[in-house]
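A.B. asks: I'd like to ask some things about the structure below.
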Amino acid sequence: MNETNVLRDSPVYVVGIGLHRYQRRSDTTYVELGLTAARSALSDAGITWPDVEAAYTGTALLGMGSSRIMLSRLGATGIPMTQVENASASGSSSVAQACLEVASGRSDVVLALGVDKPRGGLGAAPSQAGIENLESGAVVPFTHFALLASEYMHLHGVTAEQVAKVALKNHRNGASNQYAQRQKVRTLDEILAEPISGAMTRLQCCPVGEGAAAVVVASEDGIRRLHLDRSRAVRIAASVTRTEGLYDAGVGIDAALTAETGSAAFDQAGLEPSDIDVLEVHDAFAIEELLYAEALGLCSPGEAASLIESGEFDLGGRCALSPSGGLLAMGHPIGPTGTGQVVEVTRQLRGEAGSRQHPGAQIGLTHMVGIGAVCVVHLLVSD
Amino acid sequence: MTVQARHPQLLRLTDPPIILGHQCIGCRRVAFPPDPYGCERCGSPREDLEELVLEAQGTVRAVATVHRHHQPSPATPFTVAVIQLTGGPVIKAIVAGAGVSVGTEVEGVLVQDVEDAEGNILVDLQFRVMT
Ligand SMILES: [Zn+2]
């Protein structure tokens, strides 16, 4: 893990953010979804499309060649465009690629976009690898995480009600997010109703819909040359991608991978878990938020459930966990999700999150895992 | 009429049933499921992976009852467990019957899965509380 710290030598900033609301699948084309987010990010940055030198589109489900037919409607400027696929972390990887391109000096202003429209079934490659398993057909993702919940609850003496309080918080946060797919405050009884698998109920599983998220990143030179508002720029202090290693039998892969990736990101940025004010994690299922809060070092193993219960991870608490509503409430349209996390954390670090604003937010983290398994973590700092 | 395993590369239809894993000659790593490509620890090719016989017996590490499923089979509700095999690897499998919780000792049992028009039977491995 000997990564040259290009981000310290050549800082990269988020200078523009935009979203199309995450929603149930509709007749809206992906082109319309993507253009809405892209136009909004350009206008937020105070730049025009010809200022953008390259684009990366994070998408897992659209099929080949999605970028140009969409982005050329901003003007066919002929810039390089590349699709980025990394399962649920596709949008995070579009940001990582854009960040790397700017840090490398090849471009000063780059667009990272996430857009998707699920078409029923995820078509994941690992299921075509020709590797048989006993549980295939019986264990789908929600049961994988229900089993992790069972182990966690047994190991730490945590109840199903305590796990459900993750969803209680995230539905409450999502209720004040105009871009969230689910915008409704829920009671604990509502969250505990409708069992799906083990402790996981319908409202503790994320909705997979459609949407788009866009981020414009720029170098120091780009910011100077285009006279961008430096006070609203948020620095990307770390961008780390890791894939699953070999762990001891029975160790939760997603949490072990998260711990490695998070630790590498903190090293890269020279920051500590206790520095984090706001973070967005891959809470596709409620139990995941507890596992990742602990794996990222925000608290000790087994401690996250009681900290959620006592409000330490609420907006205004010790640090705000999933202020957007997370995947559980904002939604998980796959391609956009990781890009959307960077949008939310940037909004928080600028102090522009309105009724969802976490007071004094200066340092934030985004985290996605995806089938593979892959993990992408970004650290963002308001200098 | 034939009797076949739903997962022929993973099972031997003996009584009691046998689970098949692999052990790498290069680094001695034990793994389940047996891999058709190579060793994830040392990169040895498939020729260097030896079949490893595992007892269908172990301890439940986690358990979940599934209430919603995208296919008619298995019929809901059914119970899935994470099982630490006595031979080392950790697997996931369906557990039949009541009384399963974390720490329960379980053993493998062959269950008739499907019977086609020719009367052929597909059997699969499930687990039950050890008798
Ligand atoms: Zn080996």
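Going through the structure tokens in order, the chains are called A, B, and so on, while each chain numbers its residues from 1 and the ligands are numbered from 1 in the order shown.
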Could you list the protein, DNA and RNA residues that have any atom within 10 Å of ligand 1, counting only C-alpha atoms and all ligand atoms, and write them as a short mmCIF file (atom, residue, chain, number, x, y, z; two decimals) with N, CA, C and O atoms, in the first residue's frame?
C.D. replies:
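The result, stored in part-v2.cif:
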data_model
loop_
_atom_site.label_atom_id
_atom_site.label_comp_id
_atom_site.auth_asym_id
_atom_site.auth_seq_id
_atom_site.Cartn_x
_atom_site.Cartn_y
_atom_site.Cartn_z
N GLN B 23 -7.94 -28.17 -0.99
CA GLN B 23 -6.76 -27.72 -0.27
C GLN B 23 -5.66 -27.47 -1.29
O GLN B 23 -5.44 -28.28 -2.19
N CYS B 24 -4.97 -26.34 -1.15
CA CYS B 24 -3.93 -25.96 -2.09
C CYS B 24 -2.61 -26.66 -1.72
O CYS B 24 -2.19 -26.62 -0.56
N ILE B 25 -2.00 -27.30 -2.72
CA ILE B 25 -0.71 -27.97 -2.49
C ILE B 25 0.36 -26.91 -2.20
O ILE B 25 1.26 -27.11 -1.39
N GLY B 26 0.24 -25.77 -2.85
CA GLY B 26 1.25 -24.72 -2.71
C GLY B 26 1.30 -24.13 -1.32
O GLY B 26 2.39 -23.99 -0.74
N CYS B 27 0.14 -23.77 -0.75
CA CYS B 27 0.17 -23.04 0.53
C CYS B 27 -0.68 -23.71 1.61
O CYS B 27 -0.80 -23.17 2.71
N ARG B 28 -1.28 -24.84 1.32
CA ARG B 28 -2.09 -25.63 2.26
C ARG B 28 -3.40 -24.93 2.64
O ARG B 28 -4.08 -25.33 3.58
N ARG B 29 -3.78 -23.87 1.95
CA ARG B 29 -5.04 -23.21 2.28
C ARG B 29 -6.22 -24.13 2.00
O ARG B 29 -6.30 -24.75 0.95
N VAL B 30 -7.15 -24.18 2.96
CA VAL B 30 -8.38 -24.95 2.82
C VAL B 30 -9.50 -23.99 2.44
O VAL B 30 -9.62 -22.92 3.03
N ALA B 31 -10.30 -24.36 1.42
CA ALA B 31 -11.35 -23.44 0.98
C ALA B 31 -12.62 -24.18 0.58
O ALA B 31 -12.59 -25.33 0.15
N GLY B 38 -8.15 -21.34 -9.36
CA GLY B 38 -6.85 -21.22 -8.71
C GLY B 38 -6.97 -20.84 -7.25
O GLY B 38 -8.07 -20.65 -6.74
N CYS B 39 -5.82 -20.73 -6.60
CA CYS B 39 -5.79 -20.44 -5.16
C CYS B 39 -5.76 -18.94 -4.92
O CYS B 39 -4.91 -18.23 -5.46
N GLU B 40 -6.67 -18.47 -4.09
CA GLU B 40 -6.74 -17.03 -3.81
C GLU B 40 -5.63 -16.55 -2.88
O GLU B 40 -5.45 -15.36 -2.71
N ARG B 41 -4.92 -17.48 -2.24
CA ARG B 41 -3.84 -17.00 -1.37
C ARG B 41 -2.51 -16.91 -2.13
O ARG B 41 -1.85 -15.90 -2.10
N CYS B 42 -2.15 -18.02 -2.87
CA CYS B 42 -0.80 -18.04 -3.44
C CYS B 42 -0.81 -18.03 -4.97
O CYS B 42 0.25 -17.96 -5.58
N GLY B 43 -2.01 -18.12 -5.57
CA GLY B 43 -2.08 -18.04 -7.02
C GLY B 43 -1.77 -19.33 -7.75
O GLY B 43 -1.67 -19.34 -8.98
N SER B 44 -1.64 -20.44 -7.01
CA SER B 44 -1.42 -21.73 -7.68
C SER B 44 -2.59 -22.05 -8.61
O SER B 44 -3.73 -21.74 -8.29
N PRO B 45 -2.31 -22.70 -9.76
CA PRO B 45 -3.38 -23.03 -10.69
C PRO B 45 -4.25 -24.18 -10.18
O PRO B 45 -3.88 -24.85 -9.21
N ARG B 46 -5.37 -24.45 -10.88
CA ARG B 46 -6.34 -25.44 -10.40
C ARG B 46 -5.74 -26.83 -10.25
O ARG B 46 -6.18 -27.61 -9.43
N ASP B 48 -3.16 -27.60 -8.90
CA ASP B 48 -2.55 -27.72 -7.57
C ASP B 48 -3.57 -27.67 -6.44
O ASP B 48 -3.21 -27.56 -5.27
N LEU B 49 -4.86 -27.75 -6.79
CA LEU B 49 -5.88 -27.75 -5.75
C LEU B 49 -6.41 -29.17 -5.60
O LEU B 49 -6.97 -29.74 -6.53
#
A.B. asks: Would you kindly report the residues of chain A within 6 Å of chain B, using only C-alpha atoms, as an mmCIF file with N, CA, C and O atoms, in the first residue's frame?
C.D. replies:
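As a result, result.cif now contains:
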data_model
loop_
_atom_site.group_PDB
_atom_site.id
_atom_site.type_symbol
_atom_site.label_atom_id
_atom_site.label_comp_id
_atom_site.auth_asym_id
_atom_site.auth_seq_id
_atom_site.Cartn_x
_atom_site.Cartn_y
_atom_site.Cartn_z
ATOM 1 N N GLU A 135 -25.581 -22.031 -1.260
ATOM 2 C CA GLU A 135 -26.722 -21.196 -0.900
ATOM 3 C C GLU A 135 -27.310 -20.433 -2.089
ATOM 4 O O GLU A 135 -28.275 -19.712 -1.936
ATOM 5 N N LEU A 147 -28.079 -12.190 8.146
ATOM 6 C CA LEU A 147 -27.197 -13.120 8.854
ATOM 7 C C LEU A 147 -26.114 -12.354 9.614
ATOM 8 O O LEU A 147 -25.772 -12.695 10.751
ATOM 9 N N SER A 150 -27.754 -11.080 12.674
ATOM 10 C CA SER A 150 -27.916 -12.137 13.676
ATOM 11 C C SER A 150 -26.624 -12.306 14.475
ATOM 12 O O SER A 150 -26.628 -12.351 15.712
ATOM 13 N N GLU A 151 -25.502 -12.373 13.765
ATOM 14 C CA GLU A 151 -24.218 -12.565 14.431
ATOM 15 C C GLU A 151 -23.884 -11.360 15.326
ATOM 16 O O GLU A 151 -23.450 -11.522 16.469
ATOM 17 N N ILE A 196 -38.731 -8.962 6.230
ATOM 18 C CA ILE A 196 -38.200 -9.441 4.953
ATOM 19 C C ILE A 196 -37.323 -10.664 5.191
ATOM 20 O O ILE A 196 -37.554 -11.735 4.632
ATOM 21 N N SER A 197 -36.314 -10.490 6.043
ATOM 22 C CA SER A 197 -35.395 -11.592 6.327
ATOM 23 C C SER A 197 -34.723 -11.322 7.668
ATOM 24 O O SER A 197 -34.124 -10.256 7.852
ATOM 25 N N GLY A 198 -34.824 -12.279 8.600
ATOM 26 C CA GLY A 198 -34.250 -12.093 9.920
ATOM 27 C C GLY A 198 -34.752 -10.795 10.525
ATOM 28 O O GLY A 198 -35.946 -10.507 10.486
ATOM 29 N N ALA A 249 -11.912 -17.348 8.230
ATOM 30 C CA ALA A 249 -13.225 -17.927 7.973
ATOM 31 C C ALA A 249 -14.270 -17.299 8.886
ATOM 32 O O ALA A 249 -14.070 -17.205 10.095
ATOM 33 N N GLY A 250 -15.375 -16.843 8.285
ATOM 34 C CA GLY A 250 -16.482 -16.315 9.069
ATOM 35 C C GLY A 250 -16.408 -14.830 9.367
ATOM 36 O O GLY A 250 -17.363 -14.240 9.841
#
A.B. asks: Show me, as an MDAnalysis selection string, the residues that have an atom within 9 Å of Val376 of chain A when counting only C-alpha atoms, minus same-chain residues fewer than 2 positions from it.
C.D. replies: chainID A and resid 89 92:93 96 239:243 258 261:262 338 366:370 374 378
A.B. asks: Residues of segment 7-157 of chain A classed as alpha helix (DSSP H) by DSSP on the backbone are to be reported as a PDB file with N, CA, C and O atoms, in the first residue's frame.
C.D. replies:
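Written output follows (part_9.pdb):
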ATOM      1  N   LEU A   7      -2.572  13.763  -3.845  1.00  0.00           N
ATOM      2  CA  LEU A   7      -3.574  14.749  -3.424  1.00  0.00           C
ATOM      3  C   LEU A   7      -2.987  15.814  -2.490  1.00  0.00           C
ATOM      4  O   LEU A   7      -3.543  16.893  -2.347  1.00  0.00           O
ATOM      5  N   ARG A   8      -1.853  15.484  -1.863  1.00  0.00           N
ATOM      6  CA  ARG A   8      -1.216  16.509  -1.034  1.00  0.00           C
ATOM      7  C   ARG A   8      -0.388  17.453  -1.923  1.00  0.00           C
ATOM      8  O   ARG A   8      -0.369  18.653  -1.724  1.00  0.00           O
ATOM      9  N   ASP A   9       0.276  16.872  -2.939  1.00  0.00           N
ATOM     10  CA  ASP A   9       1.115  17.686  -3.829  1.00  0.00           C
ATOM     11  C   ASP A   9       0.281  18.509  -4.818  1.00  0.00           C
ATOM     12  O   ASP A   9       0.653  19.618  -5.175  1.00  0.00           O
ATOM     13  N   TYR A  30     -32.762   8.181 -18.904  1.00  0.00           N
ATOM     14  CA  TYR A  30     -31.534   8.398 -18.139  1.00  0.00           C
ATOM     15  C   TYR A  30     -30.855   9.673 -18.602  1.00  0.00           C
ATOM     16  O   TYR A  30     -30.159  10.350 -17.825  1.00  0.00           O
ATOM     17  N   VAL A  31     -31.048  10.024 -19.871  1.00  0.00           N
ATOM     18  CA  VAL A  31     -30.442  11.249 -20.413  1.00  0.00           C
ATOM     19  C   VAL A  31     -30.981  12.470 -19.667  1.00  0.00           C
ATOM     20  O   VAL A  31     -30.221  13.361 -19.249  1.00  0.00           O
ATOM     21  N   GLU A  32     -32.290  12.476 -19.452  1.00  0.00           N
ATOM     22  CA  GLU A  32     -32.932  13.582 -18.723  1.00  0.00           C
ATOM     23  C   GLU A  32     -32.437  13.617 -17.268  1.00  0.00           C
ATOM     24  O   GLU A  32     -32.142  14.687 -16.729  1.00  0.00           O
ATOM     25  N   LEU A  33     -32.351  12.438 -16.653  1.00  0.00           N
ATOM     26  CA  LEU A  33     -31.875  12.370 -15.260  1.00  0.00           C
ATOM     27  C   LEU A  33     -30.462  12.936 -15.170  1.00  0.00           C
ATOM     28  O   LEU A  33     -30.160  13.803 -14.337  1.00  0.00           O
ATOM     29  N   GLY A  34     -29.578  12.459 -16.049  1.00  0.00           N
ATOM     30  CA  GLY A  34     -28.171  12.843 -16.008  1.00  0.00           C
ATOM     31  C   GLY A  34     -27.972  14.319 -16.320  1.00  0.00           C
ATOM     32  O   GLY A  34     -27.183  15.005 -15.652  1.00  0.00           O
ATOM     33  N   LEU A  35     -28.696  14.820 -17.330  1.00  0.00           N
ATOM     34  CA  LEU A  35     -28.541  16.230 -17.710  1.00  0.00           C
ATOM     35  C   LEU A  35     -29.004  17.159 -16.586  1.00  0.00           C
ATOM     36  O   LEU A  35     -28.411  18.210 -16.354  1.00  0.00           O
ATOM     37  N   THR A  36     -30.069  16.771 -15.888  1.00  0.00           N
ATOM     38  CA  THR A  36     -30.566  17.595 -14.773  1.00  0.00           C
ATOM     39  C   THR A  36     -29.474  17.765 -13.717  1.00  0.00           C
ATOM     40  O   THR A  36     -29.202  18.883 -13.259  1.00  0.00           O
ATOM     41  N   ALA A  37     -28.839  16.642 -13.341  1.00  0.00           N
ATOM     42  CA  ALA A  37     -27.786  16.703 -12.324  1.00  0.00           C
ATOM     43  C   ALA A  37     -26.570  17.467 -12.843  1.00  0.00           C
ATOM     44  O   ALA A  37     -25.993  18.296 -12.134  1.00  0.00           O
ATOM     45  N   ALA A  38     -26.182  17.222 -14.095  1.00  0.00           N
ATOM     46  CA  ALA A  38     -24.991  17.869 -14.661  1.00  0.00           C
ATOM     47  C   ALA A  38     -25.192  19.384 -14.780  1.00  0.00           C
ATOM     48  O   ALA A  38     -24.311  20.168 -14.387  1.00  0.00           O
ATOM     49  N   ARG A  39     -26.348  19.815 -15.303  1.00  0.00           N
ATOM     50  CA  ARG A  39     -26.607  21.263 -15.439  1.00  0.00           C
ATOM     51  C   ARG A  39     -26.597  21.934 -14.076  1.00  0.00           C
ATOM     52  O   ARG A  39     -26.080  23.049 -13.912  1.00  0.00           O
ATOM     53  N   SER A  40     -27.185  21.244 -13.102  1.00  0.00           N
ATOM     54  CA  SER A  40     -27.247  21.801 -11.758  1.00  0.00           C
ATOM     55  C   SER A  40     -25.844  21.947 -11.158  1.00  0.00           C
ATOM     56  O   SER A  40     -25.535  22.948 -10.489  1.00  0.00           O
ATOM     57  N   ALA A  41     -24.970  20.972 -11.413  1.00  0.00           N
ATOM     58  CA  ALA A  41     -23.594  21.048 -10.883  1.00  0.00           C
ATOM     59  C   ALA A  41     -22.794  22.151 -11.567  1.00  0.00           C
ATOM     60  O   ALA A  41     -21.999  22.849 -10.921  1.00  0.00           O
ATOM     61  N   LEU A  42     -22.981  22.327 -12.879  1.00  0.00           N
ATOM     62  CA  LEU A  42     -22.274  23.396 -13.603  1.00  0.00           C
ATOM     63  C   LEU A  42     -22.714  24.758 -13.066  1.00  0.00           C
ATOM     64  O   LEU A  42     -21.884  25.640 -12.812  1.00  0.00           O
ATOM     65  N   SER A  43     -24.012  24.919 -12.885  1.00  0.00           N
ATOM     66  CA  SER A  43     -24.518  26.200 -12.424  1.00  0.00           C
ATOM     67  C   SER A  43     -24.082  26.460 -10.972  1.00  0.00           C
ATOM     68  O   SER A  43     -23.728  27.587 -10.610  1.00  0.00           O
ATOM     69  N   ASP A  44     -24.060  25.403 -10.165  1.00  0.00           N
ATOM     70  CA  ASP A  44     -23.585  25.544  -8.778  1.00  0.00           C
ATOM     71  C   ASP A  44     -22.114  25.978  -8.744  1.00  0.00           C
ATOM     72  O   ASP A  44     -21.707  26.794  -7.913  1.00  0.00           O
ATOM     73  N   ALA A  45     -21.318  25.445  -9.679  1.00  0.00           N
ATOM     74  CA  ALA A  45     -19.890  25.802  -9.728  1.00  0.00           C
ATOM     75  C   ALA A  45     -19.681  27.188 -10.327  1.00  0.00           C
ATOM     76  O   ALA A  45     -18.631  27.797 -10.131  1.00  0.00           O
ATOM     77  N   SER A  67     -22.433   7.773 -22.044  1.00  0.00           N
ATOM     78  CA  SER A  67     -22.068   9.168 -21.720  1.00  0.00           C
ATOM     79  C   SER A  67     -22.357  10.187 -22.825  1.00  0.00           C
ATOM     80  O   SER A  67     -23.015  11.201 -22.595  1.00  0.00           O
ATOM     81  N   ARG A  68     -21.870   9.917 -24.031  1.00  0.00           N
ATOM     82  CA  ARG A  68     -21.876  10.973 -25.044  1.00  0.00           C
ATOM     83  C   ARG A  68     -23.281  11.385 -25.483  1.00  0.00           C
ATOM     84  O   ARG A  68     -23.573  12.571 -25.652  1.00  0.00           O
ATOM     85  N   ILE A  69     -24.164  10.389 -25.649  1.00  0.00           N
ATOM     86  CA  ILE A  69     -25.528  10.699 -26.102  1.00  0.00           C
ATOM     87  C   ILE A  69     -26.229  11.628 -25.110  1.00  0.00           C
ATOM     88  O   ILE A  69     -27.106  12.405 -25.459  1.00  0.00           O
ATOM     89  N   MET A  70     -25.777  11.580 -23.860  1.00  0.00           N
ATOM     90  CA  MET A  70     -26.330  12.412 -22.792  1.00  0.00           C
ATOM     91  C   MET A  70     -25.601  13.761 -22.736  1.00  0.00           C
ATOM     92  O   MET A  70     -26.201  14.818 -22.903  1.00  0.00           O
ATOM     93  N   LEU A  71     -24.282  13.712 -22.545  1.00  0.00           N
ATOM     94  CA  LEU A  71     -23.544  14.940 -22.252  1.00  0.00           C
ATOM     95  C   LEU A  71     -23.340  15.821 -23.481  1.00  0.00           C
ATOM     96  O   LEU A  71     -23.118  17.029 -23.348  1.00  0.00           O
ATOM     97  N   SER A  90     -19.938   2.433  -8.220  1.00  0.00           N
ATOM     98  CA  SER A  90     -19.636   3.028  -9.531  1.00  0.00           C
ATOM     99  C   SER A  90     -19.518   4.551  -9.463  1.00  0.00           C
ATOM    100  O   SER A  90     -18.589   5.132 -10.022  1.00  0.00           O
ATOM    101  N   GLY A  91     -20.466   5.192  -8.774  1.00  0.00           N
ATOM    102  CA  GLY A  91     -20.443   6.655  -8.670  1.00  0.00           C
ATOM    103  C   GLY A  91     -19.235   7.132  -7.863  1.00  0.00           C
ATOM    104  O   GLY A  91     -18.616   8.155  -8.192  1.00  0.00           O
ATOM    105  N   SER A  92     -18.882   6.381  -6.821  1.00  0.00           N
ATOM    106  CA  SER A  92     -17.690   6.725  -6.025  1.00  0.00           C
ATOM    107  C   SER A  92     -16.448   6.637  -6.902  1.00  0.00           C
ATOM    108  O   SER A  92     -15.545   7.463  -6.816  1.00  0.00           O
ATOM    109  N   SER A  93     -16.417   5.616  -7.766  1.00  0.00           N
ATOM    110  CA  SER A  93     -15.255   5.440  -8.638  1.00  0.00           C
ATOM    111  C   SER A  93     -15.206   6.501  -9.729  1.00  0.00           C
ATOM    112  O   SER A  93     -14.125   6.840 -10.201  1.00  0.00           O
ATOM    113  N   SER A  94     -16.362   7.035 -10.142  1.00  0.00           N
ATOM    114  CA  SER A  94     -16.327   8.139 -11.114  1.00  0.00           C
ATOM    115  C   SER A  94     -15.667   9.355 -10.466  1.00  0.00           C
ATOM    116  O   SER A  94     -14.877  10.055 -11.105  1.00  0.00           O
ATOM    117  N   VAL A  95     -15.951   9.586  -9.188  1.00  0.00           N
ATOM    118  CA  VAL A  95     -15.304  10.698  -8.469  1.00  0.00           C
ATOM    119  C   VAL A  95     -13.803  10.416  -8.325  1.00  0.00           C
ATOM    120  O   VAL A  95     -12.972  11.303  -8.537  1.00  0.00           O
ATOM    121  N   ALA A  96     -13.463   9.164  -7.999  1.00  0.00           N
ATOM    122  CA  ALA A  96     -12.048   8.798  -7.829  1.00  0.00           C
ATOM    123  C   ALA A  96     -11.276   9.025  -9.125  1.00  0.00           C
ATOM    124  O   ALA A  96     -10.154   9.553  -9.105  1.00  0.00           O
ATOM    125  N   GLN A  97     -11.866   8.642 -10.266  1.00  0.00           N
ATOM    126  CA  GLN A  97     -11.189   8.819 -11.558  1.00  0.00           C
ATOM    127  C   GLN A  97     -11.042  10.301 -11.907  1.00  0.00           C
ATOM    128  O   GLN A  97     -10.001  10.728 -12.398  1.00  0.00           O
ATOM    129  N   ALA A  98     -12.099  11.070 -11.660  1.00  0.00           N
ATOM    130  CA  ALA A  98     -12.051  12.508 -11.945  1.00  0.00           C
ATOM    131  C   ALA A  98     -10.976  13.175 -11.097  1.00  0.00           C
ATOM    132  O   ALA A  98     -10.197  14.014 -11.574  1.00  0.00           O
ATOM    133  N   CYS A  99     -10.927  12.770  -9.839  1.00  0.00           N
ATOM    134  CA  CYS A  99      -9.960  13.308  -8.876  1.00  0.00           C
ATOM    135  C   CYS A  99      -8.532  13.003  -9.338  1.00  0.00           C
ATOM    136  O   CYS A  99      -7.657  13.873  -9.351  1.00  0.00           O
ATOM    137  N   LEU A 100      -8.316  11.754  -9.748  1.00  0.00           N
ATOM    138  CA  LEU A 100      -6.995  11.327 -10.214  1.00  0.00           C
ATOM    139  C   LEU A 100      -6.593  12.093 -11.472  1.00  0.00           C
ATOM    140  O   LEU A 100      -5.437  12.500 -11.629  1.00  0.00           O
ATOM    141  N   GLU A 101      -7.554  12.298 -12.372  1.00  0.00           N
ATOM    142  CA  GLU A 101      -7.250  13.016 -13.622  1.00  0.00           C
ATOM    143  C   GLU A 101      -6.803  14.454 -13.337  1.00  0.00           C
ATOM    144  O   GLU A 101      -5.853  14.951 -13.955  1.00  0.00           O
ATOM    145  N   VAL A 102      -7.468  15.095 -12.385  1.00  0.00           N
ATOM    146  CA  VAL A 102      -7.079  16.468 -12.041  1.00  0.00           C
ATOM    147  C   VAL A 102      -5.742  16.466 -11.293  1.00  0.00           C
ATOM    148  O   VAL A 102      -4.848  17.257 -11.603  1.00  0.00           O
ATOM    149  N   ALA A 103      -5.582  15.543 -10.350  1.00  0.00           N
ATOM    150  CA  ALA A 103      -4.332  15.477  -9.583  1.00  0.00           C
ATOM    151  C   ALA A 103      -3.142  15.185 -10.490  1.00  0.00           C
ATOM    152  O   ALA A 103      -2.033  15.656 -10.255  1.00  0.00           O
ATOM    153  N   PRO A 141     -28.976 -10.605  -1.236  1.00  0.00           N
ATOM    154  CA  PRO A 141     -28.300  -9.643  -0.361  1.00  0.00           C
ATOM    155  C   PRO A 141     -28.995  -9.378   0.980  1.00  0.00           C
ATOM    156  O   PRO A 141     -28.327  -9.332   2.020  1.00  0.00           O
ATOM    157  N   PHE A 142     -30.339  -9.230   1.001  1.00  0.00           N
ATOM    158  CA  PHE A 142     -30.938  -8.897   2.296  1.00  0.00           C
ATOM    159  C   PHE A 142     -30.752 -10.015   3.325  1.00  0.00           C
ATOM    160  O   PHE A 142     -30.684  -9.754   4.524  1.00  0.00           O
ATOM    161  N   THR A 143     -30.634 -11.266   2.859  1.00  0.00           N
ATOM    162  CA  THR A 143     -30.399 -12.358   3.803  1.00  0.00           C
ATOM    163  C   THR A 143     -28.933 -12.413   4.224  1.00  0.00           C
ATOM    164  O   THR A 143     -28.617 -12.706   5.378  1.00  0.00           O
ATOM    165  N   HIS A 144     -28.024 -12.093   3.289  1.00  0.00           N
ATOM    166  CA  HIS A 144     -26.613 -11.964   3.652  1.00  0.00           C
ATOM    167  C   HIS A 144     -26.476 -10.998   4.831  1.00  0.00           C
ATOM    168  O   HIS A 144     -25.793 -11.280   5.819  1.00  0.00           O
ATOM    169  N   PHE A 145     -27.159  -9.852   4.746  1.00  0.00           N
ATOM    170  CA  PHE A 145     -27.042  -8.862   5.818  1.00  0.00           C
ATOM    171  C   PHE A 145     -27.883  -9.218   7.045  1.00  0.00           C
ATOM    172  O   PHE A 145     -27.519  -8.865   8.167  1.00  0.00           O
ATOM    173  N   ALA A 146     -28.985  -9.948   6.849  1.00  0.00           N
ATOM    174  CA  ALA A 146     -29.766 -10.430   7.994  1.00  0.00           C
ATOM    175  C   ALA A 146     -28.911 -11.393   8.822  1.00  0.00           C
ATOM    176  O   ALA A 146     -28.984 -11.406  10.056  1.00  0.00           O
ATOM    177  N   LEU A 147     -28.079 -12.190   8.146  1.00  0.00           N
ATOM    178  CA  LEU A 147     -27.197 -13.120   8.854  1.00  0.00           C
ATOM    179  C   LEU A 147     -26.114 -12.354   9.614  1.00  0.00           C
ATOM    180  O   LEU A 147     -25.772 -12.695  10.751  1.00  0.00           O
ATOM    181  N   LEU A 148     -25.595 -11.288   9.002  1.00  0.00           N
ATOM    182  CA  LEU A 148     -24.619 -10.457   9.722  1.00  0.00           C
ATOM    183  C   LEU A 148     -25.272  -9.801  10.938  1.00  0.00           C
ATOM    184  O   LEU A 148     -24.645  -9.645  11.993  1.00  0.00           O
ATOM    185  N   ALA A 149     -26.547  -9.426  10.792  1.00  0.00           N
ATOM    186  CA  ALA A 149     -27.283  -8.825  11.918  1.00  0.00           C
ATOM    187  C   ALA A 149     -27.431  -9.842  13.041  1.00  0.00           C
ATOM    188  O   ALA A 149     -27.240  -9.522  14.219  1.00  0.00           O
ATOM    189  N   SER A 150     -27.754 -11.080  12.674  1.00  0.00           N
ATOM    190  CA  SER A 150     -27.916 -12.137  13.676  1.00  0.00           C
ATOM    191  C   SER A 150     -26.624 -12.306  14.475  1.00  0.00           C
ATOM    192  O   SER A 150     -26.628 -12.351  15.712  1.00  0.00           O
ATOM    193  N   GLU A 151     -25.502 -12.373  13.765  1.00  0.00           N
ATOM    194  CA  GLU A 151     -24.218 -12.565  14.431  1.00  0.00           C
ATOM    195  C   GLU A 151     -23.884 -11.360  15.326  1.00  0.00           C
ATOM    196  O   GLU A 151     -23.450 -11.522  16.469  1.00  0.00           O
ATOM    197  N   TYR A 152     -24.123 -10.157  14.806  1.00  0.00           N
ATOM    198  CA  TYR A 152     -23.809  -8.925  15.545  1.00  0.00           C
ATOM    199  C   TYR A 152     -24.651  -8.833  16.822  1.00  0.00           C
ATOM    200  O   TYR A 152     -24.139  -8.531  17.904  1.00  0.00           O
ATOM    201  N   MET A 153     -25.949  -9.113  16.690  1.00  0.00           N
ATOM    202  CA  MET A 153     -26.848  -8.996  17.848  1.00  0.00           C
ATOM    203  C   MET A 153     -26.460 -10.006  18.921  1.00  0.00           C
ATOM    204  O   MET A 153     -26.465  -9.705  20.106  1.00  0.00           O
ATOM    205  N   HIS A 154     -26.113 -11.217  18.473  1.00  0.00           N
ATOM    206  CA  HIS A 154     -25.740 -12.258  19.425  1.00  0.00           C
ATOM    207  C   HIS A 154     -24.423 -11.909  20.124  1.00  0.00           C
ATOM    208  O   HIS A 154     -24.290 -12.022  21.331  1.00  0.00           O
ATOM    209  N   LEU A 155     -23.455 -11.455  19.336  1.00  0.00           N
ATOM    210  CA  LEU A 155     -22.121 -11.157  19.865  1.00  0.00           C
ATOM    211  C   LEU A 155     -22.145  -9.999  20.862  1.00  0.00           C
ATOM    212  O   LEU A 155     -21.449 -10.015  21.874  1.00  0.00           O
ATOM    213  N   HIS A 156     -22.952  -8.975  20.570  1.00  0.00           N
ATOM    214  CA  HIS A 156     -22.893  -7.751  21.374  1.00  0.00           C
ATOM    215  C   HIS A 156     -24.131  -7.538  22.251  1.00  0.00           C
ATOM    216  O   HIS A 156     -24.262  -6.475  22.873  1.00  0.00           O
TER     217      HIS A 156
END
A.B. asks: Would you list, as a PyMOL selection string, the residues of chain B that end up in strand (DSSP E or B) under DSSP run on this structure's backbone?
C.D. replies: chain B and resi 3-5+11-12+18-24+30-31+38+45+49-55+57-66+78-85+90-95+105-115+121-129
A.B. asks: Please, what distance in Å, to one decimal, runs between atom CA of Gly120 of chain A and atom CA of Thr29 of chain A?
C.D. replies: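 According to the coordinates, atom CA of Gly120 of chain A and atom CA of Thr29 of chain A are separated by 15.9 Å.
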